[in-house]
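Comments concern the structure below.
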Amino acid sequence: MTAAADPVKLMKQEVGRAAANLIQSNSIVGLGTGSTTAYAIQFIGERLKSGEIKDIVGVPTSFQAEVLSKQYGIPLTTLDAIDHIDIAIDGADEVDPQKNLIKGGGAAHTREKVVDYLANQFIVVIDSGKLVDKLGSVFAVPVEVIPMAVTPVMNAIAKLGGKPELRMGVKKAGPVVTDQGNLVVDVKFDDIPDPVNLEKTLNNIPGVLENGIFVNCADKVLIGEVKDGKPVVQ
Ligand code: 5RP
């Protein structure tokens with residue numbers, strides 16, 4: 001007897017497939033991070049393998065994306081070798097009605113921001129549970145901080161009214177370390193009335209490399225849902 005397919009997994013697969021289907025031949029593709037984007041990477045690789053699309057080159061946003069892309073046969077390049085990105089696909093942790101995002105649940109928001117903002121078209125892949133009326137409703141804002149500055153950065157964030165917490169890894173054995181060798185401070189705010197300004201204010205604290213607020217950059221949001229036990233993408 002085979003186990004019943006997990007509808008949430010199926011839904012993520014379908015969102016990833018829908019995003020992968022937007023990729024056209026001869027394009028430079030930003031490859032995001034996370035469990036939903038992982039399916040997009042898989043399906044882009046499958047489309048390349050089957051010959052449905054050709055001459056794709058990817059720009060990974062993380063070590064995870066790099067390893068997955070290699071596994072699925074997507075040729076990779078770096079930002080030094082290209083002058084544009086045609087399309088980027090990436091996940092998000094929260095999306096507001098203006099398509100502003102909180103990202104960084106996978107601690108990859110610094111590289112993701114570079115790649116996603118450079119793309120001519122940025123496609124966000126999420127499930128409907130990520131939709132919020134206001135950013136910060138559920139998720140904390142991830143802030144990447146250089147290790148020697150963690151204490152003053154956390155103090156400065158507390159003065160701004162945020163509740164900073166150093167992100168710990170599995171079993172709390174040690175802090176999460178980013179691909180750049182830095183730490184992540186997750187900051188819960190009671191309210192984020194002005195995400196545009198908060199993004200700038202956080203990045204102005206000495207020792208902060210980048211935060212997970214993405215404003216005015218998403219072009220399209222593909223939303224997955226499970227309806228009557230079946231995955232639906234809109
Ligand atoms: C990583 C991210 C991810 O895109 C975000 O956390 C969503 O991941 P998932 O698709 O697994 O929910 O920002 O830094």
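Chain labels A, B, ... are given in the sequence in which chains occur in the structure tokens; within each chain residues are numbered consecutively from 1, and ligands are likewise numbered from 1 in the order shown.
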
Taking only C-alpha atoms and all ligand atoms and a cut-off of 9 Å, can you tell me which residues surround ligand 1, written as a ChimeraX atom specification?
/A:12,32-38,61-62,90-94,102-112,124-127,130,142,212

Near-A:Pro175 list (10 Å; only C-alpha atoms; drop same-chain fewer than 4 positions) as JSON, numbers by chain
{"A": [166, 167, 168, 169, 170, 182, 183, 184, 185]}

Now that the selection is made, can you save its residues with C-alpha atoms as an mmCIF file, in the first residue's frame?
data_model
loop_
_atom_site.group_PDB
_atom_site.id
_atom_site.type_symbol
_atom_site.label_atom_id
_atom_site.label_comp_id
_atom_site.auth_asym_id
_atom_site.auth_seq_id
_atom_site.Cartn_x
_atom_site.Cartn_y
_atom_site.Cartn_z
ATOM 1 C CA LEU A 166 19.286 35.572 18.011
ATOM 2 C CA ARG A 167 18.257 32.754 15.683
ATOM 3 C CA MET A 168 19.413 29.390 16.962
ATOM 4 C CA GLY A 169 19.939 26.267 14.891
ATOM 5 C CA VAL A 170 18.603 22.763 15.240
ATOM 6 C CA ASN A 182 27.133 36.029 9.792
ATOM 7 C CA LEU A 183 24.342 35.652 12.369
ATOM 8 C CA VAL A 184 20.604 36.266 12.108
ATOM 9 C CA VAL A 185 18.592 38.313 14.615
#

Env of A:Lys200: 12 Å cut, atoms = only C-alpha atoms, seq-sep filter 3 positions within chain, self excluded. Answer as a PDB file with C-alpha atoms, in the first residue's frame.
ATOM      1  CA  VAL A 143      18.259  40.789  10.186  1.00  0.00           C
ATOM      2  CA  ASP A 194       5.865  51.855   7.359  1.00  0.00           C
ATOM      3  CA  PRO A 195       7.852  48.918   5.902  1.00  0.00           C
ATOM      4  CA  VAL A 196       9.716  51.208   3.461  1.00  0.00           C
ATOM      5  CA  ASN A 197      11.232  53.216   6.308  1.00  0.00           C
ATOM      6  CA  ASN A 203      19.990  48.683   7.457  1.00  0.00           C
ATOM      7  CA  ASN A 204      21.398  51.920   8.891  1.00  0.00           C
ATOM      8  CA  ILE A 205      22.377  50.280  12.190  1.00  0.00           C
ATOM      9  CA  VAL A 208      23.656  45.131   9.991  1.00  0.00           C
ATOM     10  CA  LEU A 209      24.312  43.618   6.592  1.00  0.00           C
ATOM     11  CA  GLU A 210      20.724  43.292   5.343  1.00  0.00           C
ATOM     12  CA  ASN A 211      17.183  42.723   6.570  1.00  0.00           C
ATOM     13  CA  GLY A 212      14.325  40.642   5.210  1.00  0.00           C
ATOM     14  CA  ILE A 213      11.876  43.417   4.287  1.00  0.00           C
ATOM     15  CA  PHE A 214      11.499  43.493   0.478  1.00  0.00           C
ATOM     16  CA  VAL A 215       9.484  46.487  -0.770  1.00  0.00           C
TER      17      VAL A 215
END

Can you list every residue in stretch 48-210 of chain A that DSSP puts in strand (DSSP E), as a ChimeraX atom specification?
/A:57-60,85-91,94-95,101-102,119-127,141-145,163-166,183-188,208-210

Those selected residues, please, written with N, CA and C atoms and delivered as a short mmCIF file (atom, residue, chain, number, x, y, z; two decimals), in the first residue's frame.
data_model
loop_
_atom_site.label_atom_id
_atom_site.label_comp_id
_atom_site.auth_asym_id
_atom_site.auth_seq_id
_atom_site.Cartn_x
_atom_site.Cartn_y
_atom_site.Cartn_z
N VAL A 57 20.57 29.85 -17.85
CA VAL A 57 21.67 29.88 -16.89
C VAL A 57 21.11 30.48 -15.60
N GLY A 58 21.48 29.88 -14.47
CA GLY A 58 20.89 30.29 -13.19
C GLY A 58 21.86 31.08 -12.32
N VAL A 59 21.30 31.95 -11.49
CA VAL A 59 22.09 32.66 -10.47
C VAL A 59 21.50 32.23 -9.11
N PRO A 60 22.21 31.39 -8.37
CA PRO A 60 21.65 30.90 -7.10
C PRO A 60 21.69 31.96 -6.00
N ILE A 85 19.41 40.04 -15.07
CA ILE A 85 18.71 38.78 -14.76
C ILE A 85 17.31 38.94 -15.37
N ASP A 86 16.88 37.96 -16.16
CA ASP A 86 15.57 38.10 -16.82
C ASP A 86 14.44 37.89 -15.83
N ILE A 87 14.56 36.85 -15.04
CA ILE A 87 13.45 36.47 -14.16
C ILE A 87 14.01 35.79 -12.92
N ALA A 88 13.41 36.07 -11.77
CA ALA A 88 13.82 35.38 -10.54
C ALA A 88 12.59 34.74 -9.93
N ILE A 89 12.80 33.58 -9.33
CA ILE A 89 11.72 32.87 -8.62
C ILE A 89 12.19 32.69 -7.19
N ASP A 90 11.35 33.09 -6.23
CA ASP A 90 11.76 32.97 -4.84
C ASP A 90 10.53 32.86 -3.94
N GLY A 91 10.71 32.28 -2.78
CA GLY A 91 9.62 32.16 -1.81
C GLY A 91 9.54 33.39 -0.93
N GLU A 94 6.05 36.25 4.40
CA GLU A 94 4.81 37.03 4.47
C GLU A 94 4.71 37.88 3.20
N VAL A 95 3.48 38.07 2.74
CA VAL A 95 3.23 38.94 1.58
C VAL A 95 2.02 39.81 1.91
N LEU A 101 7.20 42.11 0.99
CA LEU A 101 7.48 40.79 1.54
C LEU A 101 8.32 40.85 2.81
N ILE A 102 8.16 39.82 3.64
CA ILE A 102 9.21 39.48 4.61
C ILE A 102 9.80 38.17 4.12
N ALA A 119 16.37 41.32 -10.90
CA ALA A 119 15.62 40.63 -11.96
C ALA A 119 14.61 41.57 -12.63
N ASN A 120 14.50 41.44 -13.96
CA ASN A 120 13.48 42.22 -14.68
C ASN A 120 12.08 41.81 -14.25
N GLN A 121 11.93 40.53 -13.91
CA GLN A 121 10.64 40.04 -13.42
C GLN A 121 10.90 39.16 -12.19
N PHE A 122 10.24 39.48 -11.10
CA PHE A 122 10.43 38.70 -9.86
C PHE A 122 9.10 38.00 -9.51
N ILE A 123 9.16 36.67 -9.55
CA ILE A 123 7.98 35.85 -9.27
C ILE A 123 8.10 35.28 -7.85
N VAL A 124 7.09 35.52 -7.03
CA VAL A 124 7.10 35.00 -5.65
C VAL A 124 6.21 33.76 -5.58
N VAL A 125 6.72 32.72 -4.95
CA VAL A 125 5.95 31.47 -4.84
C VAL A 125 5.63 31.19 -3.37
N ILE A 126 4.35 31.16 -3.06
CA ILE A 126 3.95 30.99 -1.65
C ILE A 126 2.68 30.11 -1.55
N ASP A 127 2.34 29.73 -0.33
CA ASP A 127 1.01 29.19 -0.08
C ASP A 127 0.17 30.31 0.54
N VAL A 141 11.04 39.93 11.58
CA VAL A 141 11.90 40.41 10.48
C VAL A 141 13.32 39.88 10.70
N PRO A 142 13.82 39.05 9.78
CA PRO A 142 15.19 38.56 9.93
C PRO A 142 16.20 39.66 9.58
N VAL A 143 17.22 39.78 10.41
CA VAL A 143 18.26 40.79 10.19
C VAL A 143 19.61 40.06 10.22
N GLU A 144 20.38 40.16 9.13
CA GLU A 144 21.70 39.53 9.12
C GLU A 144 22.71 40.52 9.71
N VAL A 145 23.48 40.03 10.69
CA VAL A 145 24.37 40.90 11.46
C VAL A 145 25.77 40.27 11.50
N LYS A 163 11.54 43.43 19.25
CA LYS A 163 12.00 42.41 20.21
C LYS A 163 12.97 41.48 19.46
N PRO A 164 14.28 41.71 19.66
CA PRO A 164 15.26 40.93 18.90
C PRO A 164 15.58 39.59 19.56
N GLU A 165 15.75 38.58 18.73
CA GLU A 165 16.13 37.27 19.25
C GLU A 165 17.16 36.65 18.30
N LEU A 166 18.27 36.22 18.85
CA LEU A 166 19.29 35.57 18.01
C LEU A 166 18.74 34.24 17.52
N LEU A 183 25.42 36.16 11.51
CA LEU A 183 24.34 35.65 12.37
C LEU A 183 23.02 36.30 11.97
N VAL A 184 21.92 35.71 12.43
CA VAL A 184 20.60 36.27 12.11
C VAL A 184 19.88 36.63 13.41
N VAL A 185 19.42 37.87 13.48
CA VAL A 185 18.59 38.31 14.61
C VAL A 185 17.17 38.46 14.07
N ASP A 186 16.23 37.72 14.66
CA ASP A 186 14.82 37.83 14.25
C ASP A 186 14.15 38.87 15.13
N VAL A 187 13.50 39.83 14.51
CA VAL A 187 12.93 40.95 15.26
C VAL A 187 11.42 40.99 15.11
N LYS A 188 10.73 40.81 16.25
CA LYS A 188 9.26 40.91 16.24
C LYS A 188 8.88 42.34 16.58
N VAL A 208 24.72 45.85 10.73
CA VAL A 208 23.66 45.13 9.99
C VAL A 208 24.08 45.02 8.53
N LEU A 209 23.98 43.81 8.01
CA LEU A 209 24.31 43.62 6.59
C LEU A 209 23.06 43.82 5.74
N GLU A 210 21.96 43.20 6.13
CA GLU A 210 20.72 43.29 5.34
C GLU A 210 19.57 42.74 6.15
#

Could you tell me, as JSON, numbers by chain, which residues of stretch 36-215 of chain A DSSP assigns to alpha helix (DSSP H) when given the backbone?
{"A": [36, 37, 38, 39, 40, 41, 42, 43, 44, 45, 46, 47, 48, 49, 50, 63, 64, 65, 66, 67, 68, 69, 70, 71, 109, 110, 111, 112, 113, 114, 115, 116, 117, 118, 150, 151, 152, 153, 154, 155, 156, 157, 158, 159, 195, 196, 197, 198, 199, 200, 201, 202, 203]}

With C-alpha atoms kept, could you save the residues just selected as an mmCIF file, in the first residue's frame?
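again-v1.cif, written as the output of this step:
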data_model
loop_
_atom_site.group_PDB
_atom_site.id
_atom_site.type_symbol
_atom_site.label_atom_id
_atom_site.label_comp_id
_atom_site.auth_asym_id
_atom_site.auth_seq_id
_atom_site.Cartn_x
_atom_site.Cartn_y
_atom_site.Cartn_z
ATOM 1 C CA THR A 36 8.693 25.980 -2.504
ATOM 2 C CA THR A 37 11.438 27.335 -4.746
ATOM 3 C CA ALA A 38 13.179 23.970 -4.479
ATOM 4 C CA TYR A 39 10.345 22.503 -6.570
ATOM 5 C CA ALA A 40 10.682 25.309 -9.120
ATOM 6 C CA ILE A 41 14.395 24.463 -9.442
ATOM 7 C CA GLN A 42 13.523 20.795 -9.868
ATOM 8 C CA PHE A 43 10.970 21.512 -12.614
ATOM 9 C CA ILE A 44 13.254 23.976 -14.437
ATOM 10 C CA GLY A 45 15.873 21.203 -14.467
ATOM 11 C CA GLU A 46 13.322 18.704 -15.792
ATOM 12 C CA ARG A 47 12.201 21.097 -18.553
ATOM 13 C CA LEU A 48 15.845 21.605 -19.536
ATOM 14 C CA LYS A 49 16.500 17.862 -19.554
ATOM 15 C CA SER A 50 13.459 17.124 -21.702
ATOM 16 C CA PHE A 63 24.356 27.438 -1.080
ATOM 17 C CA GLN A 64 21.127 25.414 -0.911
ATOM 18 C CA ALA A 65 19.953 26.768 -4.283
ATOM 19 C CA GLU A 66 23.392 26.149 -5.765
ATOM 20 C CA VAL A 67 23.483 22.506 -4.663
ATOM 21 C CA LEU A 68 19.906 21.847 -5.851
ATOM 22 C CA SER A 69 20.543 23.523 -9.213
ATOM 23 C CA LYS A 70 23.610 21.369 -9.797
ATOM 24 C CA GLN A 71 21.617 18.290 -8.787
ATOM 25 C CA HIS A 109 17.640 37.091 2.459
ATOM 26 C CA THR A 110 20.860 39.034 1.790
ATOM 27 C CA ARG A 111 21.755 37.207 -1.403
ATOM 28 C CA GLU A 112 18.059 36.832 -2.264
ATOM 29 C CA LYS A 113 17.627 40.602 -2.108
ATOM 30 C CA VAL A 114 20.563 41.183 -4.453
ATOM 31 C CA VAL A 115 19.284 38.689 -7.026
ATOM 32 C CA ASP A 116 15.534 39.336 -6.730
ATOM 33 C CA TYR A 117 15.912 43.131 -7.043
ATOM 34 C CA LEU A 118 18.155 42.760 -10.099
ATOM 35 C CA VAL A 150 25.336 41.328 17.583
ATOM 36 C CA THR A 151 24.992 42.893 21.051
ATOM 37 C CA PRO A 152 24.969 46.589 19.974
ATOM 38 C CA VAL A 153 22.671 45.768 17.049
ATOM 39 C CA MET A 154 20.205 43.986 19.359
ATOM 40 C CA ASN A 155 20.323 46.969 21.760
ATOM 41 C CA ALA A 156 19.682 49.417 18.910
ATOM 42 C CA ILE A 157 16.778 47.310 17.641
ATOM 43 C CA ALA A 158 15.234 47.185 21.132
ATOM 44 C CA LYS A 159 15.414 51.011 21.234
ATOM 45 C CA PRO A 195 7.852 48.918 5.902
ATOM 46 C CA VAL A 196 9.716 51.208 3.461
ATOM 47 C CA ASN A 197 11.232 53.216 6.308
ATOM 48 C CA LEU A 198 11.785 50.265 8.627
ATOM 49 C CA GLU A 199 13.826 48.534 5.932
ATOM 50 C CA LYS A 200 16.098 51.585 5.676
ATOM 51 C CA THR A 201 16.275 52.202 9.440
ATOM 52 C CA LEU A 202 17.347 48.632 10.193
ATOM 53 C CA ASN A 203 19.990 48.683 7.457
#

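Taking only C-alpha atoms into account, A:Phe189 lies nearest to A:Ala140 out of the set A:Ala140, A:Met148, A:Val233, A:Leu131.
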
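When atom CA of A:Asn216 is paired with atom CA of A:Thr178, their separation reads 24.7 Å.
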
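Atom CA of A:Val232 to atom CA of A:Asp133 spans 21.6 Å [interatomic distance, one decimal].
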
For atom CA of A:Ser137 and atom CA of A:Gln180, quote the distance in Å rounded to one decimal.
28.2 Å
